[in-house]
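Quick look at start-v1.txt (compact mmCIF, C-alpha atoms and all ligand atoms):
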```txt
# COMPACT_ATOMS: atom_id res chain seq x y z
CA MET A 1 6.05 -1.63 2.18
CA THR A 2 8.96 0.71 2.07
CA GLN A 3 11.11 2.32 -0.54
CA PRO A 4 14.51 3.35 0.87
CA SER A 5 13.43 7.01 0.74
CA GLN A 6 10.28 6.49 2.80
CA HIS A 7 10.94 6.88 6.52
CA TRP A 8 7.94 5.53 8.34
CA GLN A 9 7.31 7.07 11.72
CA PRO A 10 4.51 5.31 13.61
CA ASP A 11 3.37 8.55 15.30
CA VAL A 12 3.23 10.48 11.99
CA TYR A 13 1.43 7.52 10.40
CA GLN A 14 -0.99 7.28 13.32
CA ASN A 15 -1.79 11.03 13.18
CA ASN A 16 -2.27 11.31 9.43
CA ALA A 17 -3.10 7.88 8.07
CA SER A 18 -4.82 5.74 10.69
CA PHE A 19 -7.84 5.65 8.32
CA VAL A 20 -5.93 3.21 6.08
CA ALA A 21 -6.70 0.13 8.18
CA GLY A 22 -10.38 1.07 8.55
CA TYR A 23 -10.86 1.00 4.79
CA GLY A 24 -9.04 -2.34 4.58
CA ALA A 25 -11.34 -4.20 6.97
CA PRO A 26 -13.81 -5.39 4.23
CA LEU A 27 -10.88 -7.00 2.45
CA ILE A 28 -10.65 -9.45 5.34
CA ASP A 29 -14.19 -10.60 4.47
CA LEU A 30 -12.93 -11.38 0.97
CA LEU A 31 -9.95 -13.26 2.43
CA LYS A 32 -12.29 -15.42 4.57
CA PRO A 33 -9.55 -16.50 6.98
CA GLN A 34 -10.18 -19.93 8.49
CA ALA A 35 -8.92 -21.02 11.90
CA GLY A 36 -5.65 -22.91 11.58
CA GLU A 37 -4.66 -21.39 8.25
CA SER A 38 -1.22 -20.00 7.70
CA ILE A 39 -1.38 -16.46 6.26
CA LEU A 40 1.20 -13.91 5.18
CA ASP A 41 0.26 -10.22 5.55
CA LEU A 42 2.43 -8.58 2.90
CA GLY A 43 3.22 -5.00 3.91
CA CYS A 44 1.54 -5.35 7.29
CA GLY A 45 2.53 -1.88 8.52
CA ASP A 46 1.60 -1.35 12.14
CA GLY A 47 -0.38 -4.60 12.19
CA VAL A 48 -3.93 -3.35 12.78
CA LEU A 49 -5.42 -5.62 10.08
CA THR A 50 -2.92 -8.40 10.81
CA ARG A 51 -4.32 -8.50 14.36
CA LYS A 52 -7.87 -8.83 13.00
CA ILE A 53 -6.80 -11.76 10.79
CA ALA A 54 -5.00 -13.42 13.70
CA ASP A 55 -8.18 -13.08 15.78
CA SER A 56 -9.85 -15.49 13.32
CA GLY A 57 -7.58 -18.21 14.74
CA CYS A 58 -5.05 -18.10 11.90
CA CYS A 59 -1.33 -18.24 12.20
CA VAL A 60 -0.31 -14.91 10.64
CA LEU A 61 3.12 -13.62 9.77
CA GLY A 62 3.40 -9.86 9.16
CA LEU A 63 6.07 -8.77 6.72
CA ASP A 64 7.14 -5.18 6.18
CA GLY A 65 10.23 -3.20 5.28
CA SER A 66 9.90 -0.76 8.17
CA THR A 67 11.35 -1.86 11.50
CA ALA A 68 9.53 1.02 13.22
CA LEU A 69 6.11 -0.13 11.97
CA LEU A 70 6.95 -3.77 12.71
CA GLU A 71 7.66 -2.85 16.30
CA ALA A 72 4.12 -1.41 16.50
CA ALA A 73 2.81 -4.69 15.01
CA ARG A 74 4.74 -6.79 17.54
CA GLU A 75 3.20 -4.73 20.35
CA LYS A 76 -0.14 -6.09 19.08
CA GLY A 77 1.16 -9.64 19.53
CA ILE A 78 1.92 -10.21 15.84
CA GLU A 79 4.78 -12.39 14.67
CA THR A 80 6.78 -10.32 12.20
CA VAL A 81 9.63 -10.45 9.75
CA CYS A 82 11.43 -7.51 8.17
CA GLY A 83 11.75 -7.90 4.42
CA ASP A 84 11.20 -6.62 0.92
CA GLY A 85 8.05 -7.84 -0.82
CA GLN A 86 9.96 -7.78 -4.12
CA LYS A 87 12.40 -10.37 -2.76
CA LEU A 88 10.20 -12.87 -0.97
CA ASP A 89 11.91 -16.09 -0.03
CA PHE A 90 9.14 -18.44 1.12
CA ASP A 91 8.45 -21.82 -0.41
CA ARG A 92 4.92 -23.33 -0.45
CA GLN A 93 4.32 -22.15 3.10
CA PHE A 94 1.06 -20.18 3.20
CA ASP A 95 -2.62 -20.92 2.59
CA ALA A 96 -3.15 -17.27 1.70
CA VAL A 97 -1.29 -14.03 1.13
CA PHE A 98 -3.12 -10.84 2.10
CA SER A 99 -2.11 -7.27 1.34
CA ASN A 100 -3.78 -3.93 1.96
CA ALA A 101 -2.50 -0.55 0.73
CA ALA A 102 1.03 -1.85 0.32
CA LEU A 103 1.56 -3.32 -3.16
CA HIS A 104 1.72 0.11 -4.83
CA TRP A 105 4.98 0.70 -2.94
CA MET A 106 6.51 -2.31 -4.70
CA THR A 107 7.36 -1.04 -8.16
CA ASP A 108 8.75 -4.39 -9.35
CA ALA A 109 5.30 -5.94 -9.41
CA ALA A 110 6.36 -8.95 -11.49
CA ALA A 111 8.87 -9.91 -8.77
CA VAL A 112 6.19 -9.50 -6.10
CA VAL A 113 3.68 -11.76 -7.85
CA LYS A 114 6.37 -14.36 -8.57
CA GLY A 115 7.41 -14.40 -4.90
CA VAL A 116 3.80 -14.65 -3.74
CA ALA A 117 3.15 -17.57 -6.13
CA ARG A 118 6.15 -19.41 -4.66
CA ALA A 119 5.17 -18.57 -1.08
CA LEU A 120 1.69 -20.09 -1.50
CA LYS A 121 0.71 -23.72 -1.22
CA LYS A 122 -0.98 -25.07 -4.35
CA GLY A 123 -4.52 -23.71 -4.52
CA GLY A 124 -3.58 -20.88 -2.14
CA ARG A 125 -5.28 -17.46 -2.25
CA PHE A 126 -3.86 -14.03 -2.98
CA VAL A 127 -6.26 -11.32 -1.80
CA ALA A 128 -5.21 -7.71 -2.02
CA GLU A 129 -6.12 -4.09 -2.46
CA MET A 130 -3.77 -1.36 -3.63
CA GLY A 131 -3.73 2.00 -5.37
CA GLY A 132 -4.86 1.56 -8.97
CA ALA A 133 -4.63 3.59 -12.19
CA GLY A 134 -5.56 7.22 -11.51
CA ASN A 135 -4.98 6.97 -7.77
CA ILE A 136 -4.29 10.31 -6.01
CA ALA A 137 -3.88 12.01 -9.40
CA ALA A 138 -4.71 15.47 -8.03
CA ILE A 139 -2.10 15.19 -5.26
CA GLN A 140 0.55 13.83 -7.62
CA THR A 141 -0.14 16.60 -10.15
CA ALA A 142 0.04 19.27 -7.45
CA LEU A 143 3.36 17.92 -6.20
CA GLU A 144 4.70 17.82 -9.75
CA GLN A 145 3.68 21.45 -10.23
CA ALA A 146 5.24 22.53 -6.93
CA LEU A 147 8.49 20.74 -7.82
CA ALA A 148 8.49 22.32 -11.29
CA GLU A 149 8.55 25.76 -9.64
CA TYR A 150 11.99 24.75 -8.31
CA GLY A 151 13.06 23.25 -11.63
CA LEU A 152 12.71 19.76 -10.17
CA ARG A 153 11.00 16.58 -11.33
CA PRO A 154 9.39 13.96 -9.10
CA ARG A 155 10.75 10.48 -8.61
CA ALA A 156 8.62 7.58 -9.80
CA CYS A 157 7.97 5.76 -6.54
CA TRP A 158 4.55 4.14 -6.79
CA TYR A 159 2.92 1.62 -9.09
CA PHE A 160 -0.79 2.20 -9.75
CA PRO A 161 -1.75 -0.43 -12.34
CA THR A 162 -4.84 -1.02 -14.40
CA ALA A 163 -6.84 -4.18 -13.73
CA GLU A 164 -5.71 -5.57 -17.10
CA ALA A 165 -2.02 -5.10 -16.28
CA TYR A 166 -2.28 -6.77 -12.87
CA ARG A 167 -4.48 -9.57 -14.20
CA ALA A 168 -1.77 -10.38 -16.75
CA LEU A 169 0.91 -10.48 -14.04
CA LEU A 170 -1.19 -12.84 -11.94
CA GLN A 171 -1.98 -15.14 -14.85
CA GLN A 172 1.68 -15.30 -15.88
CA GLN A 173 2.48 -16.80 -12.47
CA GLY A 174 -0.25 -19.45 -12.57
CA PHE A 175 -3.08 -17.65 -10.77
CA ALA A 176 -6.72 -17.97 -11.73
CA VAL A 177 -8.15 -14.48 -11.21
CA ARG A 178 -11.47 -14.87 -9.37
CA GLN A 179 -12.16 -11.15 -9.37
CA ILE A 180 -10.28 -7.97 -10.14
CA GLY A 181 -11.39 -4.40 -10.66
CA LEU A 182 -10.77 -0.73 -10.06
CA TYR A 183 -13.12 1.36 -7.99
CA GLU A 184 -13.09 4.98 -6.91
CA ARG A 185 -12.93 5.46 -3.17
CA PRO A 186 -13.07 9.18 -2.32
CA THR A 187 -11.15 9.37 0.94
CA PRO A 188 -11.52 12.22 3.46
CA LEU A 189 -8.11 13.20 4.79
CA PRO A 190 -8.30 13.90 8.54
CA THR A 191 -5.24 16.20 8.40
CA GLY A 192 -5.70 17.49 4.86
CA VAL A 193 -3.27 17.20 1.97
CA ALA A 194 -0.49 18.70 4.13
CA GLY A 195 -0.79 15.84 6.62
CA TRP A 196 -0.97 13.30 3.81
CA LEU A 197 2.21 14.69 2.26
CA GLU A 198 3.95 14.62 5.62
CA ALA A 199 3.14 10.92 5.99
CA PHE A 200 3.63 9.77 2.39
CA GLY A 201 5.09 12.46 0.12
CA GLU A 202 8.78 12.08 0.78
CA PRO A 203 9.57 9.37 -1.79
CA MET A 204 8.40 11.64 -4.63
CA LEU A 205 11.06 14.21 -3.82
CA PRO A 206 14.26 14.02 -5.83
CA GLU A 207 17.62 13.81 -4.11
CA GLY A 208 19.11 17.00 -2.73
CA VAL A 209 15.87 18.54 -1.39
CA ASP A 210 16.70 19.78 2.12
CA LYS A 211 14.27 20.08 5.01
CA GLU A 212 13.45 23.75 4.39
CA MET A 213 12.82 23.29 0.66
CA ARG A 214 10.79 20.19 1.39
CA GLY A 215 8.53 22.21 3.69
CA GLN A 216 8.02 24.87 1.00
CA ILE A 217 7.35 22.34 -1.76
CA PHE A 218 4.86 20.39 0.37
CA ALA A 219 3.10 23.60 1.44
CA GLN A 220 2.72 24.75 -2.17
CA ALA A 221 1.60 21.28 -3.33
CA ALA A 222 -0.95 21.15 -0.51
CA ARG A 223 -2.31 24.58 -1.52
CA LEU A 224 -2.65 23.51 -5.16
CA ALA A 225 -4.26 20.15 -4.38
CA GLU A 226 -6.67 21.66 -1.83
CA GLN A 227 -7.96 23.97 -4.59
CA LYS A 228 -8.79 20.97 -6.80
CA LEU A 229 -10.17 18.44 -4.33
CA PRO A 230 -13.72 18.49 -2.94
CA LYS A 231 -14.56 19.01 0.75
CA GLU A 232 -16.89 17.00 2.91
CA ASN A 233 -17.78 18.00 6.47
CA GLY A 234 -14.81 20.34 6.49
CA GLN A 235 -12.34 17.67 5.34
CA THR A 236 -10.55 17.51 2.00
CA VAL A 237 -11.50 14.38 0.08
CA ALA A 238 -8.65 12.74 -1.82
CA ASP A 239 -9.16 11.01 -5.15
CA TYR A 240 -8.23 7.47 -4.14
CA VAL A 241 -8.72 4.71 -6.71
CA ARG A 242 -8.36 1.13 -5.50
CA LEU A 243 -7.51 -2.03 -7.37
CA ARG A 244 -8.95 -5.00 -5.51
CA PHE A 245 -8.44 -8.62 -6.49
CA GLU A 246 -8.84 -12.20 -5.40
CA ALA A 247 -6.75 -14.84 -7.16
CA GLN A 248 -6.11 -18.52 -6.60
CA LEU A 249 -2.93 -20.37 -7.37
CA SER A 250 -3.39 -23.28 -9.71
CA GLU A 251 -3.20 -26.77 -8.16
CA ALA A 252 -0.85 -27.67 -11.01
CA VAL A 253 2.07 -25.29 -10.37
C1 LIG A 301 -2.55 4.80 -1.22
O1 LIG A 301 -2.95 4.11 -0.28
O2 LIG A 301 -3.18 4.89 -2.27
C2 LIG A 301 -1.25 5.51 -1.12
C3 LIG A 301 -0.69 5.74 0.11
C4 LIG A 301 0.53 6.36 0.18
C5 LIG A 301 1.17 6.76 -0.95
C6 LIG A 301 0.62 6.54 -2.18
C7 LIG A 301 -0.61 5.91 -2.27
```
Can the structure from this file be put into structure tokens for me?
Amino acid sequence: MTQPSQHWQPDVYQNNASFVAGYGAPLIDLLKPQAGESILDLGCGDGVLTRKIADSGCCVLGLDGSTALLEAAREKGIETVCGDGQKLDFDRQFDAVFSNAALHWMTDAAAVVKGVARALKKGGRFVAEMGGAGNIAAIQTALEQALAEYGLRPRACWYFPTAEAYRALLQQQGFAVRQIGLYERPTPLPTGVAGWLEAFGEPMLPEGVDKEMRGQIFAQAARLAEQKLPKENGQTVADYVRLRFEAQLSEAV
């Protein structure tokens, strides 16, 4: 899901972040899509997981804020709509809402959960995984330090909640929380911290950072983070923390 300052480029995403969908595949087992169900993939990106859900015989709609990524999803035969997950406008339409690695881009989480609750049929499922409390702390700290060297402060652009905070949001909107929890998922970065920052770092930069300064800040942040993070088989391993949950909308709403 996009913030206005995040410019998704499918080729940059493919080069630096194609691992994202691979890690999301087990979440589809939790979703248990049934043939004939109507499912919304919230923040579908380039549609790799959306395609897998559709292959279960479901009718899936992929929603994302990036037209470039949606084009890649449509090339996989996915029906798509461009939109903001914080302003959903569906009414009792879906049997389930699925989301992988997207909800942390939606900083107005209360609006997201409210929109999802309205989009679901009574008894519908909300199954998702996102960055949770402590996610990518080493990379964020390194970027903060690099920005500080220029007298700059980062923008708050992601929401990495605790399980308690997200549970409360879900319950407020009439969900029974079947399971929710944080888990650490050390994640090897195929193109290192530099590649990660190229794909995802832009929204943390404050306004007025030009291309040259951006390159210098990212290079310094990558150096700092690489010193802190462990290596595995020659790859830097990022400190990902995931929040995974399964919730069911009350029949009474
Ligand atoms: C994540 O999947 O945890 C993530 C990806 C991009 C930016 C921030 C977090």
Any idea what's packed within 12 Å of Gln227 (chain A), counting only C-alpha atoms, ignoring anything in its chain fewer than 4 positions away? Could you give it as a PyMOL selection string?
chain A and resi 138-139+142+192-193+220-223+231+236-238
Near-Asp91 (chain A) list (10 Å; all atoms listed in the file; drop same-chain fewer than 5 positions) as number ranges by chain:
A: 115-121
Could you list, with a cut-off of 8 Å and counting all atoms listed in the file, the residues of chain A near ligand LIG 301 (chain A), each shown with its nearest atom pair and the distance in Å rounded to one decimal, rows sorted by chain and ascending number, as a tab-separated table?
```
residue	atom	partner	partner_atom	distance
A:Val20	CA	A:LIG301	O1	7.1
A:Ala101	CA	A:LIG301	O1	4.8
A:Ala102	CA	A:LIG301	O1	7.2
A:His104	CA	A:LIG301	C7	6.8
A:Trp105	CA	A:LIG301	C6	7.3
A:Met130	CA	A:LIG301	O2	6.4
A:Gly131	CA	A:LIG301	O2	4.3
A:Gly132	CA	A:LIG301	O2	7.7
A:Asn135	CA	A:LIG301	O2	6.1
A:Ile136	CA	A:LIG301	O2	6.7
A:Trp158	CA	A:LIG301	C6	6.5
A:Trp196	CA	A:LIG301	C4	8.0
A:Ala199	CA	A:LIG301	C4	7.8
A:Phe200	CA	A:LIG301	C4	5.1
A:Gly201	CA	A:LIG301	C5	7.0
A:Tyr240	CA	A:LIG301	O2	6.0
A:Val241	CA	A:LIG301	O2	7.1
A:Arg242	CA	A:LIG301	O2	7.2
```
Residues of region 55-151 of chain A within 9 Å of region 24-27 of chain A: nearest atom pair and distance (Å, one decimal) for each, counting only C-alpha atoms, sorted by chain and number, as CSV?
```
residue,atom,partner,partner_atom,distance
A:Phe98,CA,A:Leu27,CA,8.7
A:Ser99,CA,A:Leu27,CA,8.8
A:Asn100,CA,A:Gly24,CA,6.1
A:Ala101,CA,A:Gly24,CA,7.8
A:Val127,CA,A:Leu27,CA,7.6
A:Ala128,CA,A:Leu27,CA,7.3
A:Glu129,CA,A:Leu27,CA,7.4
```
So, counting all atoms listed in the file, which residue among A:Ala165, A:Ala68, A:Leu147, A:Leu31 is closest to Ala247 (chain A)?
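Looking at the shortest contact to Ala247 (chain A), the residue is A:Leu31.
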Using all atoms listed in the file: which of A:Glu246, A:Glu144, A:Glu226, A:Asp29 has the shortest distance to Leu205 (chain A)
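Under the stated criterion, the closest residue is A:Glu144.
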Per-residue nearest contacts of region 38-71 of chain A to region 6-15 of chain A (12 Å; all atoms listed in the file) as CSV:
```
residue,atom,partner,partner_atom,distance
A:Gly45,CA,A:Pro10,CA,9.0
A:Asp46,CA,A:Pro10,CA,7.4
A:Gly47,CA,A:Pro10,CA,11.1
A:Val48,CA,A:Gln14,CA,11.0
A:Asp64,CA,A:Trp8,CA,11.0
A:Gly65,CA,A:Trp8,CA,9.5
A:Ser66,CA,A:Trp8,CA,6.6
A:Thr67,CA,A:Trp8,CA,8.7
A:Ala68,CA,A:Pro10,CA,6.6
A:Leu69,CA,A:Pro10,CA,5.9
A:Leu70,CA,A:Pro10,CA,9.4
A:Glu71,CA,A:Pro10,CA,9.2
```
Find, counting all atoms listed in the file, the residue in A:Ser56, A:Thr107, A:Gln248, A:Thr191 that gets nearest to Gln34 (chain A).
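Ranking A:Ser56, A:Thr107, A:Gln248, A:Thr191 by distance to Gln34 (chain A), first place goes to A:Ser56.
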Atom pair CA of Gly62 (chain A) / CA of Phe126 (chain A): separation (Å):
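Spanning CA of Gly62 (chain A) to CA of Phe126 (chain A) is a straight-line distance of 14.7 Å.
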Which residue, A:Asp239, A:Glu198, A:Asp89, A:Asp41, has the smallest gap to Glu184 (chain A) when you use all atoms listed in the file?
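Among A:Asp239, A:Glu198, A:Asp89, A:Asp41, it is A:Asp239 that comes nearest to Glu184 (chain A).
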re CA of Gln235 (chain A) and CA of Pro188 (chain A): distance 5.8 Å
Could you check the closest approach to Arg167 (chain A) for each of A:Arg214, A:Lys52, A:Lys122, A:Arg244 and tell me which residue wins, using only C-alpha atoms?
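Result for the nearest residue to Arg167 (chain A): A:Arg244.
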What's the separation between CA of Gly151 (chain A) and CA of Asn16 (chain A), in Å to one decimal place?
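If I compute the distance from CA of Gly151 (chain A) to CA of Asn16 (chain A), I get 28.7 Å.
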Restricting the calculation to all atoms listed in the file, which member of A:Val112, A:Leu30, A:Leu40, A:Ala194 is positioned closest to Ile78 (chain A)?
A:Leu40
Can you tell me, as a PyMOL selection string, what residues are no more than 12 Å from Glu202 (chain A) when counting only C-alpha atoms, ignoring any on the same chain fewer than 4 positions away?
chain A and resi 2-8+140+143+154-158+194-198+206-211+213-215+217-218
